[in-house]
file upload27.cif (mmCIF, C-alpha atoms)
data_entry
loop_
_atom_site.label_atom_id
_atom_site.label_comp_id
_atom_site.auth_asym_id
_atom_site.auth_seq_id
_atom_site.Cartn_x
_atom_site.Cartn_y
_atom_site.Cartn_z
CA MET G 11 113.67 124.47 152.97
CA GLU G 12 115.72 123.40 149.96
CA THR G 13 115.35 120.05 148.26
CA ASP G 14 119.09 119.55 147.96
CA GLU G 15 119.37 119.67 151.76
CA LEU G 16 116.76 116.94 152.18
CA LEU G 17 117.84 114.54 149.46
CA PRO G 18 121.14 113.49 151.14
CA LEU G 19 119.26 113.08 154.44
CA LEU G 20 116.61 110.90 152.81
CA SER G 21 119.25 108.87 150.96
CA ALA G 22 121.13 108.25 154.21
CA THR G 23 117.83 107.38 155.90
CA ALA G 24 117.25 104.79 153.18
CA GLN G 25 120.59 103.25 154.21
CA GLY G 26 119.33 102.94 157.79
CA ASN G 27 121.17 106.00 159.16
CA LYS G 28 119.13 107.06 162.19
CA GLN G 29 121.03 110.31 162.75
CA ALA G 30 120.16 111.39 159.22
CA PHE G 31 116.55 110.43 159.87
CA ALA G 32 116.60 112.55 163.04
CA LYS G 33 117.94 115.50 161.02
CA LEU G 34 115.28 114.93 158.37
CA TYR G 35 112.67 114.99 161.15
CA ASN G 36 114.11 118.22 162.55
CA ALA G 37 114.08 119.84 159.15
CA THR G 38 110.52 118.89 158.17
CA SER G 39 108.39 117.89 161.16
CA ALA G 40 107.13 121.39 162.00
CA LYS G 41 105.86 121.90 158.45
CA LEU G 42 104.36 118.42 158.21
CA PHE G 43 102.76 118.67 161.64
CA ALA G 44 101.17 122.00 160.67
CA ILE G 45 99.67 120.40 157.54
CA SER G 46 98.20 117.53 159.53
CA LEU G 47 97.00 119.81 162.32
CA LYS G 48 95.26 122.11 159.88
CA MET G 49 93.53 119.16 158.28
CA LEU G 50 92.55 117.30 161.43
CA SER G 51 91.94 120.23 163.83
CA ASN G 52 92.87 117.85 166.61
CA ARG G 53 96.32 117.85 168.15
CA ALA G 54 96.33 114.21 169.32
CA HIS G 55 95.14 112.92 165.94
CA ALA G 56 97.66 115.11 164.11
CA GLU G 57 100.47 113.81 166.33
CA GLU G 58 99.39 110.24 165.63
CA ALA G 59 99.27 110.90 161.87
CA LEU G 60 102.72 112.54 161.97
CA GLN G 61 104.09 109.58 163.91
CA ASP G 62 102.67 107.07 161.43
CA ALA G 63 103.90 109.13 158.48
CA PHE G 64 107.49 109.29 159.77
CA VAL G 65 107.52 105.57 160.52
CA LYS G 66 106.39 105.05 156.92
CA ILE G 67 109.07 107.49 155.66
CA TRP G 68 111.70 105.51 157.60
CA HIS G 69 110.58 102.20 156.11
CA ASN G 70 109.93 103.52 152.58
CA ALA G 71 112.81 105.99 152.16
CA SER G 72 114.41 103.74 149.55
CA ASP G 73 111.22 103.90 147.44
CA TYR G 74 111.71 107.60 146.81
CA GLN G 75 112.80 108.59 143.29
CA VAL G 76 113.42 112.08 141.96
CA THR G 77 110.65 111.45 139.39
CA LYS G 78 108.17 111.41 142.29
CA GLY G 79 108.82 115.11 142.86
CA THR G 80 110.82 116.91 145.52
CA VAL G 81 111.56 115.15 148.80
CA ILE G 82 109.34 117.55 150.73
CA SER G 83 106.44 117.03 148.31
CA TRP G 84 106.81 113.25 148.65
CA MET G 85 106.79 113.61 152.44
CA ILE G 86 103.82 116.00 152.41
CA SER G 87 101.85 113.45 150.39
CA ILE G 88 102.57 110.73 152.94
CA VAL G 89 101.39 112.98 155.77
CA ARG G 90 98.31 114.18 153.89
CA TYR G 91 97.16 110.69 152.90
CA ARG G 92 97.64 109.47 156.45
CA SER G 93 95.74 112.51 157.74
CA LEU G 94 92.92 111.88 155.24
CA ASP G 95 92.68 108.29 156.50
CA SER G 96 92.59 109.58 160.05
CA LEU G 97 89.89 112.12 159.20
CA ARG G 98 87.68 109.45 157.73
CA TYR G 99 88.48 107.02 160.51
CA HIS G 100 87.73 109.39 163.36
CA LYS G 101 84.77 110.96 161.57
CA VAL G 102 85.71 114.34 162.93
CA ARG G 103 84.69 116.19 159.80
CA LYS G 104 81.95 118.14 161.48
CA GLU G 105 80.93 121.66 160.76
CA GLN G 106 81.98 122.91 164.18
CA SER G 107 85.47 121.45 163.88
CA LEU G 108 86.11 123.81 161.01
CA ASP G 109 85.59 126.74 163.31
CA ASP G 110 87.01 125.14 166.44
CA ASP G 111 90.39 126.76 166.80
CA SER G 112 90.97 125.52 170.34
CA ALA G 113 93.25 122.75 169.14
CA ILE G 114 95.10 124.94 166.69
CA SER G 115 97.78 127.47 167.47
CA ASP G 116 96.96 131.11 166.80
CA ASP G 117 98.92 131.32 163.59
CA LEU G 118 96.70 128.66 162.02
CA THR G 119 93.35 130.23 162.69
CA ASP G 120 93.23 132.02 159.37
CA SER G 121 90.90 130.49 156.81
CA PRO G 122 92.58 128.86 153.81
CA LEU G 123 91.47 131.74 151.64
CA ALA G 124 93.09 134.32 153.87
CA ILE G 125 96.53 132.75 153.61
CA ASP G 126 99.28 135.09 152.62
CA TYR G 127 101.33 133.11 150.16
CA GLU G 128 105.05 133.32 150.61
CA ASP G 129 105.76 130.89 147.79
CA LYS G 130 104.99 132.57 144.48
CA SER G 131 105.08 129.32 142.60
CA LYS G 132 103.35 128.83 139.31
CA LEU G 133 100.59 126.96 141.08
CA VAL G 134 99.77 129.96 143.23
CA ASP G 135 99.55 132.16 140.15
CA CYS G 136 97.32 129.60 138.43
CA ILE G 137 95.11 129.22 141.51
CA GLU G 138 94.67 132.97 141.57
CA GLN G 139 93.19 132.79 138.07
CA LEU G 140 90.38 130.46 139.17
CA ASP G 141 86.87 131.61 139.96
CA GLU G 142 86.38 132.40 143.63
CA GLN G 143 84.12 129.36 144.15
CA GLN G 144 86.52 126.99 142.41
CA LYS G 145 89.39 128.34 144.47
CA GLN G 146 87.42 128.02 147.71
CA ALA G 147 86.34 124.44 146.98
CA ILE G 148 89.88 123.33 146.07
CA HIS G 149 91.36 125.06 149.11
CA LEU G 150 88.85 123.50 151.51
CA ALA G 151 89.46 120.06 150.00
CA TYR G 152 93.26 120.41 150.14
CA TYR G 153 93.67 122.09 153.53
CA LYS G 154 90.72 120.57 155.39
CA GLY G 155 90.29 117.27 153.60
CA LEU G 156 86.62 117.94 152.88
CA THR G 157 84.83 115.52 150.57
CA HIS G 158 82.34 116.61 147.92
CA SER G 159 79.37 116.06 150.22
CA GLU G 160 81.04 117.93 153.08
CA LEU G 161 81.73 120.81 150.75
CA VAL G 162 78.01 120.82 149.92
CA ASP G 163 77.23 121.36 153.61
CA HIS G 164 80.03 123.83 154.15
CA ILE G 165 79.39 126.15 151.24
CA ASP G 166 75.68 125.41 150.94
CA THR G 167 75.74 124.55 147.26
CA PRO G 168 74.27 121.52 145.41
CA LEU G 169 76.50 118.47 144.98
CA GLY G 170 76.57 118.68 141.19
CA THR G 171 77.74 122.29 141.34
CA VAL G 172 80.48 121.49 143.88
CA LYS G 173 81.75 118.58 141.77
CA SER G 174 81.73 120.79 138.72
CA TRP G 175 83.66 123.59 140.49
CA ILE G 176 86.33 121.12 141.56
CA ARG G 177 86.57 119.35 138.20
CA ARG G 178 86.63 122.53 136.14
CA GLY G 179 88.98 124.19 138.60
CA LEU G 180 91.42 121.28 138.32
CA GLN G 181 91.14 121.21 134.52
CA GLN G 182 91.83 124.93 134.37
CA LEU G 183 94.75 124.51 136.77
CA GLN G 184 96.22 121.79 134.60
CA ARG G 185 95.93 123.94 131.48
CA CYS G 186 97.57 126.86 133.26
CA LEU G 187 100.35 124.70 134.76
CA THR G 188 101.29 123.10 131.47
CA LEU G 189 101.46 126.33 129.53
CA MET P 1370 85.48 103.39 133.08
CA ASN P 1371 88.06 103.93 130.35
CA TYR P 1372 91.41 104.16 132.10
CA ASP P 1373 93.23 104.65 128.78
CA ASN P 1374 91.83 108.15 128.61
CA GLN P 1375 94.67 110.45 129.73
CA LYS P 1376 92.29 113.29 130.63
CA LEU P 1377 90.32 110.97 132.85
CA ILE P 1378 93.52 109.67 134.46
CA ASP P 1379 94.66 113.25 135.10
CA MET P 1380 91.37 114.21 136.73
CA LEU P 1381 91.23 111.06 138.87
CA ALA P 1382 94.83 111.64 139.93
CA ALA P 1383 94.08 115.27 140.78
CA GLU P 1384 91.06 114.32 142.89
CA TYR P 1385 93.03 111.50 144.52
CA VAL P 1386 95.75 113.93 145.59
CA LEU P 1387 93.23 116.56 146.61
CA GLY P 1388 91.39 113.96 148.70
CA THR P 1389 87.95 114.29 147.10
CA LEU P 1390 88.24 110.84 145.51
CA LYS P 1391 87.05 108.62 148.32
CA GLY P 1392 85.69 105.23 149.30
CA SER P 1393 85.73 102.48 146.68
CA ALA P 1394 86.76 104.88 143.89
CA ARG P 1395 89.86 105.81 145.91
CA LYS P 1396 90.71 102.14 146.45
CA ARG P 1397 90.22 101.38 142.75
CA PHE P 1398 92.55 104.23 141.90
CA GLN P 1399 95.17 102.96 144.38
CA ARG P 1400 95.02 99.53 142.72
CA LEU P 1401 95.38 101.20 139.34
CA MET P 1402 98.51 103.02 140.56
CA LEU P 1403 100.12 99.65 141.22
CA SER P 1404 99.67 98.52 137.64
CA SER P 1405 99.95 101.66 135.50
CA ASN P 1406 102.96 103.91 134.98
CA ARG P 1407 100.77 106.60 133.48
CA VAL P 1408 98.55 106.66 136.53
CA ARG P 1409 101.54 106.82 138.89
CA GLU P 1410 103.17 109.60 136.90
CA ALA P 1411 99.94 111.62 136.77
CA THR P 1412 99.61 111.24 140.54
CA TRP P 1413 103.20 112.32 141.20
CA MET P 1414 102.69 115.33 138.92
CA TRP P 1415 99.62 116.44 140.86
CA GLU P 1416 101.33 115.83 144.20
CA GLN P 1417 104.18 118.05 143.07
CA HIS P 1418 101.76 120.78 141.92
CA LEU P 1419 99.19 120.75 144.70
CA ASN P 1420 101.64 120.29 147.56
CA ASN P 1421 102.90 123.78 146.77
CA LEU P 1422 99.71 124.89 148.52
CA ALA P 1423 101.19 123.57 151.77
CA SER P 1424 104.11 125.96 151.54
CA SER P 1425 101.87 128.73 152.80
CA ILE P 1426 100.97 126.93 156.02
CA LYS P 1427 102.97 128.25 158.94
CA SER P 1428 105.08 125.64 160.68
CA VAL P 1429 104.03 124.29 164.08
CA PRO P 1430 106.70 122.27 165.91
CA PRO P 1431 105.30 119.03 167.33
CA ASP P 1432 105.90 118.14 170.99
CA SER P 1433 109.02 116.11 171.72
CA HIS P 1434 107.04 113.01 172.71
CA VAL P 1435 106.11 112.57 169.02
CA TRP P 1436 109.75 112.03 168.09
CA GLU P 1437 110.24 109.78 171.11
CA ALA P 1438 107.36 107.59 169.93
CA ILE P 1439 108.70 107.48 166.34
CA SER P 1440 112.17 106.65 167.55
CA GLN P 1441 110.79 103.92 169.77
CA ARG P 1442 108.80 102.44 166.88
CA ILE P 1443 111.66 102.33 164.39
CA ASP P 1444 114.19 101.04 166.89
CA PRO P 1445 112.82 99.99 170.27
CA GLN P 1446 116.34 99.20 171.53
CA GLN P 1447 118.00 102.54 170.93
CA ALA P 1448 116.18 105.83 170.54
CA VAL P 1449 118.02 108.69 168.81
CA VAL P 1450 117.50 112.17 170.27
CA PRO P 1451 117.73 114.95 167.69
CA ASN P 1452 119.76 117.87 169.02
CA ASN P 1453 117.16 120.58 168.82
CA VAL P 1454 114.11 118.69 170.00
CA ILE P 1455 113.22 120.31 173.30
CA GLN P 1456 112.95 117.77 176.08
CA PRO P 1457 110.29 118.73 178.62
CA LYS P 1458 111.21 118.31 182.28
CA THR P 1459 108.34 115.95 182.75
CA SER P 1460 106.36 114.24 180.06
CA ILE P 1461 102.74 114.72 180.94
CA TRP P 1462 101.79 112.54 177.97
CA GLN P 1463 103.83 109.64 179.24
CA ALA P 1464 102.38 110.07 182.71
CA TRP P 1465 98.84 110.11 181.35
CA SER P 1466 99.59 107.15 179.15
CA LEU P 1467 100.84 105.14 182.12
CA ILE P 1468 97.86 106.10 184.26
CA ALA P 1469 95.43 105.29 181.48
CA THR P 1470 97.09 101.95 180.78
CA ALA P 1471 97.09 100.99 184.43
CA ALA P 1472 93.45 102.01 184.79
CA SER P 1473 92.51 99.98 181.71
CA ILE P 1474 94.21 96.87 183.03
CA VAL P 1475 92.63 97.18 186.47
CA LEU P 1476 89.24 97.70 184.84
CA ALA P 1477 89.75 94.71 182.57
CA LEU P 1478 90.72 92.51 185.50
CA ILE P 1479 87.79 93.71 187.60
CA ILE P 1480 85.36 93.04 184.78
CA TRP P 1481 86.90 89.64 184.13
CA GLN P 1482 85.76 87.85 187.25
CA PRO P 1483 86.93 84.31 186.49
CA GLN P 1484 90.64 83.52 186.85
CA THR P 1485 92.32 85.80 184.36
CA PRO P 1486 94.70 83.97 182.06
CA VAL P 1487 97.28 86.79 181.98
CA GLY P 1488 100.63 85.11 181.58
CA GLN P 1489 104.06 86.29 182.65
CA ASN P 1490 105.11 87.03 179.09
CA THR P 1491 101.98 88.99 178.25
CA GLN P 1492 102.66 92.06 176.09
CA GLN P 1493 99.12 93.21 175.36
CA ILE P 1494 95.63 92.21 176.35
CA ALA P 1495 92.20 92.78 174.85
CA LEU P 1496 88.74 92.21 176.17
CA PHE P 1497 85.61 91.85 174.07
CA LYS P 1498 82.31 92.65 175.77
CA ASP P 1499 78.74 92.64 174.53
CA ALA P 1500 76.39 95.63 174.67
CA SER P 1501 75.53 94.89 178.29
CA GLU P 1502 79.23 94.90 179.24
CA LYS P 1503 79.22 91.12 179.67
CA PRO P 1504 82.74 89.78 178.98
CA LEU P 1505 82.88 87.40 175.99
CA TRP P 1506 86.49 86.78 175.04
CA PHE P 1507 89.73 87.67 176.75
CA ILE P 1508 92.88 87.80 174.61
CA ASP P 1509 96.38 87.55 176.01
CA ILE P 1510 99.12 88.43 173.52
CA ASN P 1511 102.69 87.38 174.07
CA GLU P 1512 105.73 86.88 171.85
CA GLN P 1513 104.60 83.44 170.77
CA GLY P 1514 101.05 84.29 169.77
CA LEU P 1515 97.55 84.97 170.99
CA SER P 1516 95.93 83.01 173.77
CA ILE P 1517 92.16 83.44 173.70
CA LYS P 1518 89.81 82.43 176.46
CA ALA P 1519 86.07 82.25 175.90
CA SER P 1520 84.09 83.52 178.88
CA ASP P 1521 81.63 81.14 180.49
CA LYS P 1522 79.13 83.98 179.97
CA LEU P 1523 79.45 83.51 176.21
CA THR P 1524 76.49 81.85 174.53
CA ALA P 1525 77.98 80.88 171.20
CA ARG P 1526 75.89 79.88 168.18
CA THR P 1527 76.53 76.32 167.09
CA ASP P 1528 75.68 77.02 163.45
CA LYS P 1529 78.23 79.82 163.11
CA ASP P 1530 81.88 80.58 163.80
CA TYR P 1531 83.41 83.71 165.29
CA GLU P 1532 86.45 85.17 163.57
CA LEU P 1533 89.02 87.60 164.97
CA TRP P 1534 90.35 90.46 162.81
CA MET P 1535 92.84 93.26 163.18
CA ILE P 1536 92.46 96.62 161.47
CA LEU P 1537 95.75 98.40 160.91
CA LYS P 1538 95.97 102.17 161.22
CA GLY P 1539 95.40 103.86 157.90
CA GLN P 1540 94.11 100.71 156.23
CA ASP P 1541 90.52 99.79 155.60
CA ALA P 1542 90.87 96.08 154.91
CA PRO P 1543 90.75 93.95 158.09
CA ILE P 1544 93.25 91.08 158.40
CA SER P 1545 92.01 87.76 159.75
CA LEU P 1546 93.78 86.39 162.82
CA GLY P 1547 91.78 83.17 163.00
CA LEU P 1548 88.68 81.60 164.49
CA LEU P 1549 87.81 82.12 168.14
CA PRO P 1550 87.04 79.35 170.63
CA LYS P 1551 83.38 78.90 171.62
CA ASP P 1552 84.52 77.63 174.99
CA GLY P 1553 87.80 77.09 176.77
CA VAL P 1554 91.13 78.42 175.61
CA LYS P 1555 92.63 78.45 172.12
CA SER P 1556 95.99 79.65 170.83
CA LEU P 1557 96.45 81.48 167.54
CA LEU P 1558 99.69 82.25 165.73
CA LYS P 1559 100.59 85.91 165.29
CA ASP P 1560 100.16 87.22 161.76
CA SER P 1561 103.49 88.58 160.47
CA ARG P 1562 101.90 92.04 160.25
CA PHE P 1563 100.80 91.93 163.91
CA ASN P 1564 102.47 94.91 165.52
CA ALA P 1565 100.60 96.39 168.47
CA GLN P 1566 101.64 99.95 167.58
CA ASP P 1567 100.09 99.64 164.13
CA ILE P 1568 96.77 98.15 165.19
CA ALA P 1569 93.86 100.55 165.30
CA LEU P 1570 91.22 98.03 166.35
CA LEU P 1571 90.47 94.37 166.86
CA ALA P 1572 87.13 93.09 165.64
CA ILE P 1573 85.05 89.92 165.86
CA SER P 1574 82.73 88.86 163.08
CA LEU P 1575 80.01 86.25 162.77
CA GLU P 1576 80.86 83.81 159.99
CA PRO P 1577 79.64 80.60 158.40
CA ILE P 1578 81.27 77.48 159.90
CA GLY P 1579 84.90 77.47 158.82
CA GLY P 1580 85.34 81.23 158.70
CA SER P 1581 84.82 84.06 156.25
CA PRO P 1582 84.23 82.77 152.71
CA THR P 1583 85.35 86.09 151.18
CA GLY P 1584 88.45 87.06 153.15
CA SER P 1585 86.53 89.99 154.64
CA PRO P 1586 84.32 90.03 157.76
CA THR P 1587 80.75 88.96 156.99
CA GLU P 1588 79.04 90.63 159.96
CA VAL P 1589 81.10 92.57 162.49
CA LEU P 1590 79.71 91.99 165.97
CA TYR P 1591 82.22 93.56 168.36
CA THR P 1592 85.29 95.76 168.29
CA THR P 1593 87.83 96.63 170.94
CA GLU P 1594 91.26 98.18 171.31
CA LEU P 1595 94.46 96.51 172.38
CA ILE P 1596 95.67 97.40 175.85
CA LEU P 1597 99.45 97.72 175.87
CA LEU P 1598 101.22 96.50 179.00
#
call {"tool": "encode", "arguments": {"input": "upload27.cif", "output": "structure tokens"}}
result
Amino acid sequence: METDELLPLLSATAQGNKQAFAKLYNATSAKLFAISLKMLSNRAHAEEALQDAFVKIWHNASDYQVTKGTVISWMISIVRYRSLDSLRYHKVRKEQSLDDDSAISDDLTDSPLAIDYEDKSKLVDCIEQLDEQQKQAIHLAYYKGLTHSELVDHIDTPLGTVKSWIRRGLQQLQRCLTL
Amino acid sequence: MNYDNQKLIDMLAAEYVLGTLKGSARKRFQRLMLSSNRVREATWMWEQHLNNLASSIKSVPPDSHVWEAISQRIDPQQAVVPNNVIQPKTSIWQAWSLIATAASIVLALIIWQPQTPVGQNTQQIALFKDASEKPLWFIDINEQGLSIKASDKLTARTDKDYELWMILKGQDAPISLGLLPKDGVKSLLKDSRFNAQDIALLAISLEPIGGSPTGSPTEVLYTTELILL
């Protein structure tokens, strides 16, 4: 998925072009739905989040600027924030939902740590340099939307330690990314 | 907290994007984004970095009814069908939705024994009940506004008022729709943000006479969902 394919579609969407919006949906919805589904582990909630996100994208397309990052990153953020809201609203962040793969297609049942990265971006290289615990905590927060206290339950580690893993992991990531 | 500290801004932005910044801290950060370029730029930078993690997630195409719903919401008059969205022969979701809606309405009408005030132009209805399933208020929503009927089973406090709120999907702050009648029928104007598809919940709060002094519900008593007709 190339940014230069999406930018004209988003620009036309900002002008109210519904065909362009439909093409933008076709180009991105499977990726965005997978992100929401992985986070929510509930198909109906993920569909609702995707719906809300695309309605927001339609209404806010003209707010996009290149300085906000790539079009796909901007769209991923909208879906993730909506999915985070949904997670907290539905209070589905239970231990069993992490292991409940009934709502998730087979290709999503791998744990975040077992993901085979296709994109060898700088971030992936920098993530690889983190301690295993830092990496695990950041992955669980990003992919599953876990809060600090949920991470405490999930990886059975004191709150202060979890917060420290995340904070130090992010600081180390930032240093690595800006090198 | 010293928001001039760039390191602090970077860490808050990172945790905001990651999702570990939550509750009031998350809201404070969102307010800060509105007023500070540095905060916005730090957030966009982290979004761009961390969203690379999503590239490893394998795509899962959503069902076609998701696009249908989006299309309906952005333009109820004319839905656009993207070429490669597979149209199922029958939409089980739509069928379920219709059955569920019909069942909800029948249930609401059965529960509401007195003459129901459902008008011809009604678009949505809502019914508030107490813990013992006793009906308290019935709300009929049409293009013009909200018509609210207090049940004769309602025992309203004379030293308090009851205020109606809507909670929009993805937003924490309830929006006041006005004070409810303690008996009889009352009409309320529709708030400009009132869009049935965007409403997650309706709520009723107990307030001092005259309504909420803070702009937020004082004590939420009941919640219910809108029933779309």
call {"tool": "closest_atom_pairs", "arguments": {"input": "upload27.cif", "of": "chain G", "to": "chain P", "cutoff": "8 Å", "atoms": "only C-alpha atoms", "output": "Markdown table"}}
result
| residue | atom | partner | partner_atom | distance |
| --- | --- | --- | --- | --- |
| G:Lys28 | CA | P:Val1449 | CA | 6.9 |
| G:Gln29 | CA | P:Val1449 | CA | 7.0 |
| G:Ala32 | CA | P:Pro1451 | CA | 5.4 |
| G:Lys33 | CA | P:Pro1451 | CA | 6.7 |
| G:Asn36 | CA | P:Pro1451 | CA | 7.1 |
| G:Ser39 | CA | P:Pro1430 | CA | 6.7 |
| G:Ala40 | CA | P:Pro1430 | CA | 4.0 |
| G:Lys41 | CA | P:Ser1428 | CA | 4.4 |
| G:Leu42 | CA | P:Ser1428 | CA | 7.7 |
| G:Phe43 | CA | P:Pro1431 | CA | 6.2 |
| G:Ala44 | CA | P:Val1429 | CA | 5.0 |
| G:Ile45 | CA | P:Ala1423 | CA | 6.8 |
| G:Glu57 | CA | P:Val1435 | CA | 6.4 |
| G:Glu58 | CA | P:Val1435 | CA | 7.9 |
| G:Leu60 | CA | P:Val1435 | CA | 7.8 |
| G:Gln61 | CA | P:Ile1439 | CA | 5.6 |
| G:Asp62 | CA | P:Ile1439 | CA | 7.8 |
| G:Phe64 | CA | P:Ile1439 | CA | 6.9 |
| G:Val65 | CA | P:Ile1439 | CA | 6.2 |
| G:Trp68 | CA | P:Ile1443 | CA | 7.5 |
| G:Thr77 | CA | P:Trp1413 | CA | 7.7 |
| G:Lys78 | CA | P:Trp1413 | CA | 5.2 |
| G:Gly79 | CA | P:Gln1417 | CA | 5.5 |
| G:Thr80 | CA | P:Gln1417 | CA | 7.2 |
| G:Ser83 | CA | P:Gln1417 | CA | 5.8 |
| G:Trp84 | CA | P:Glu1416 | CA | 7.5 |
| G:Ile86 | CA | P:Asn1420 | CA | 6.8 |
| G:Ser87 | CA | P:Glu1416 | CA | 6.7 |
| G:Tyr91 | CA | P:Gly1388 | CA | 7.9 |
| G:Arg92 | CA | P:Gly1539 | CA | 6.2 |
| G:Leu94 | CA | P:Gly1388 | CA | 7.0 |
| G:Asp95 | CA | P:Gly1539 | CA | 5.4 |
| G:Ser96 | CA | P:Gly1539 | CA | 6.7 |
| G:Ser115 | CA | P:Val1429 | CA | 7.8 |
| G:Asp117 | CA | P:Lys1427 | CA | 6.9 |
| G:Leu118 | CA | P:Lys1427 | CA | 7.0 |
| G:Ile125 | CA | P:Ser1425 | CA | 6.7 |
| G:Asp126 | CA | P:Ser1425 | CA | 6.9 |
| G:Tyr127 | CA | P:Ser1425 | CA | 5.1 |
| G:Glu128 | CA | P:Ser1425 | CA | 6.0 |
| G:Asp129 | CA | P:Ser1424 | CA | 6.4 |
| G:Ser131 | CA | P:Asn1421 | CA | 7.3 |
| G:Leu133 | CA | P:His1418 | CA | 6.3 |
| G:Val134 | CA | P:Leu1422 | CA | 7.3 |
| G:Ile148 | CA | P:Leu1387 | CA | 7.6 |
| G:Ala151 | CA | P:Leu1387 | CA | 6.2 |
| G:Tyr152 | CA | P:Leu1387 | CA | 5.2 |
| G:Tyr153 | CA | P:Ala1423 | CA | 7.9 |
| G:Gly155 | CA | P:Gly1388 | CA | 6.0 |
| G:Leu156 | CA | P:Thr1389 | CA | 7.0 |
| G:Thr157 | CA | P:Thr1389 | CA | 4.8 |
| G:His158 | CA | P:Thr1389 | CA | 6.1 |
| G:Arg177 | CA | P:Met1380 | CA | 7.2 |
| G:Leu180 | CA | P:Ala1383 | CA | 7.0 |
| G:Gln181 | CA | P:Met1380 | CA | 7.3 |
call {"tool": "atom_distance", "arguments": {"input": "upload27.cif", "atom1": "CA of Lys1518 in chain P", "atom2": "CA of Trp1506 in chain P"}}
result
5.7 Å
call {"tool": "atom_distance", "arguments": {"input": "upload27.cif", "atom1": "CA of Gln144 in chain G", "atom2": "CA of Leu50 in chain G"}}
result
22.2 Å
call {"tool": "residues_around", "arguments": {"input": "upload27.cif", "residues": "Gln1493 in chain P", "least_positions_apart": "5", "cutoff": "10 Å", "atoms": "only C-alpha atoms", "output": "MDAnalysis selection string"}}
result
chainID P and resid 1474 1487 1508:1512 1515 1565 1595:1598
call {"tool": "write_last_selection", "arguments": {"input": "upload27.cif", "atoms": "C-alpha atoms", "output": "mmCIF file, keeping the file's coordinate frame"}}
result
data_model
loop_
_atom_site.group_PDB
_atom_site.id
_atom_site.type_symbol
_atom_site.label_atom_id
_atom_site.label_comp_id
_atom_site.auth_asym_id
_atom_site.auth_seq_id
_atom_site.Cartn_x
_atom_site.Cartn_y
_atom_site.Cartn_z
ATOM 1 C CA ILE P 1474 94.210 96.870 183.030
ATOM 2 C CA VAL P 1487 97.280 86.790 181.980
ATOM 3 C CA ILE P 1508 92.880 87.800 174.610
ATOM 4 C CA ASP P 1509 96.380 87.550 176.010
ATOM 5 C CA ILE P 1510 99.120 88.430 173.520
ATOM 6 C CA ASN P 1511 102.690 87.380 174.070
ATOM 7 C CA GLU P 1512 105.730 86.880 171.850
ATOM 8 C CA LEU P 1515 97.550 84.970 170.990
ATOM 9 C CA ALA P 1565 100.600 96.390 168.470
ATOM 10 C CA LEU P 1595 94.460 96.510 172.380
ATOM 11 C CA ILE P 1596 95.670 97.400 175.850
ATOM 12 C CA LEU P 1597 99.450 97.720 175.870
ATOM 13 C CA LEU P 1598 101.220 96.500 179.000
#
call {"tool": "residues_around", "arguments": {"input": "upload27.cif", "residues": "Gln1513 in chain P", "least_positions_apart": "4", "cutoff": "12 Å", "atoms": "only C-alpha atoms", "output": "PyMOL selection string"}}
result
chain P and resi 1488+1490-1492+1509+1556-1561+1563
call {"tool": "write_last_selection", "arguments": {"input": "upload27.cif", "atoms": "C-alpha atoms", "output": "PDB file, keeping the file's coordinate frame"}}
result
ATOM      1  CA  GLY P1488     100.630  85.110 181.580  1.00  0.00           C
ATOM      2  CA  ASN P1490     105.110  87.030 179.090  1.00  0.00           C
ATOM      3  CA  THR P1491     101.980  88.990 178.250  1.00  0.00           C
ATOM      4  CA  GLN P1492     102.660  92.060 176.090  1.00  0.00           C
ATOM      5  CA  ASP P1509      96.380  87.550 176.010  1.00  0.00           C
ATOM      6  CA  SER P1556      95.990  79.650 170.830  1.00  0.00           C
ATOM      7  CA  LEU P1557      96.450  81.480 167.540  1.00  0.00           C
ATOM      8  CA  LEU P1558      99.690  82.250 165.730  1.00  0.00           C
ATOM      9  CA  LYS P1559     100.590  85.910 165.290  1.00  0.00           C
ATOM     10  CA  ASP P1560     100.160  87.220 161.760  1.00  0.00           C
ATOM     11  CA  SER P1561     103.490  88.580 160.470  1.00  0.00           C
ATOM     12  CA  PHE P1563     100.800  91.930 163.910  1.00  0.00           C
TER      13      PHE P1563
END
call {"tool": "residues_around", "arguments": {"input": "upload27.cif", "residues": "Leu1401 in chain P", "least_positions_apart": "4", "cutoff": "12 Å", "atoms": "all atoms listed in the file", "output": "short mmCIF file (atom, residue, chain, number, x, y, z; two decimals) with C-alpha atoms, keeping the file's coordinate frame"}}
result
data_model
loop_
_atom_site.label_atom_id
_atom_site.label_comp_id
_atom_site.auth_asym_id
_atom_site.auth_seq_id
_atom_site.Cartn_x
_atom_site.Cartn_y
_atom_site.Cartn_z
CA MET P 1370 85.48 103.39 133.08
CA ASN P 1371 88.06 103.93 130.35
CA TYR P 1372 91.41 104.16 132.10
CA ASP P 1373 93.23 104.65 128.78
CA ILE P 1378 93.52 109.67 134.46
CA LEU P 1381 91.23 111.06 138.87
CA ALA P 1382 94.83 111.64 139.93
CA TYR P 1385 93.03 111.50 144.52
CA ALA P 1394 86.76 104.88 143.89
CA ARG P 1395 89.86 105.81 145.91
CA LYS P 1396 90.71 102.14 146.45
CA ARG P 1397 90.22 101.38 142.75
CA SER P 1405 99.95 101.66 135.50
CA ASN P 1406 102.96 103.91 134.98
CA ARG P 1407 100.77 106.60 133.48
CA VAL P 1408 98.55 106.66 136.53
CA ARG P 1409 101.54 106.82 138.89
CA GLU P 1410 103.17 109.60 136.90
CA ALA P 1411 99.94 111.62 136.77
CA THR P 1412 99.61 111.24 140.54
#
call {"tool": "atom_distance", "arguments": {"input": "upload27.cif", "atom1": "CA of Ile1536 in chain P", "atom2": "CA of Lys1522 in chain P"}}
result
26.1 Å
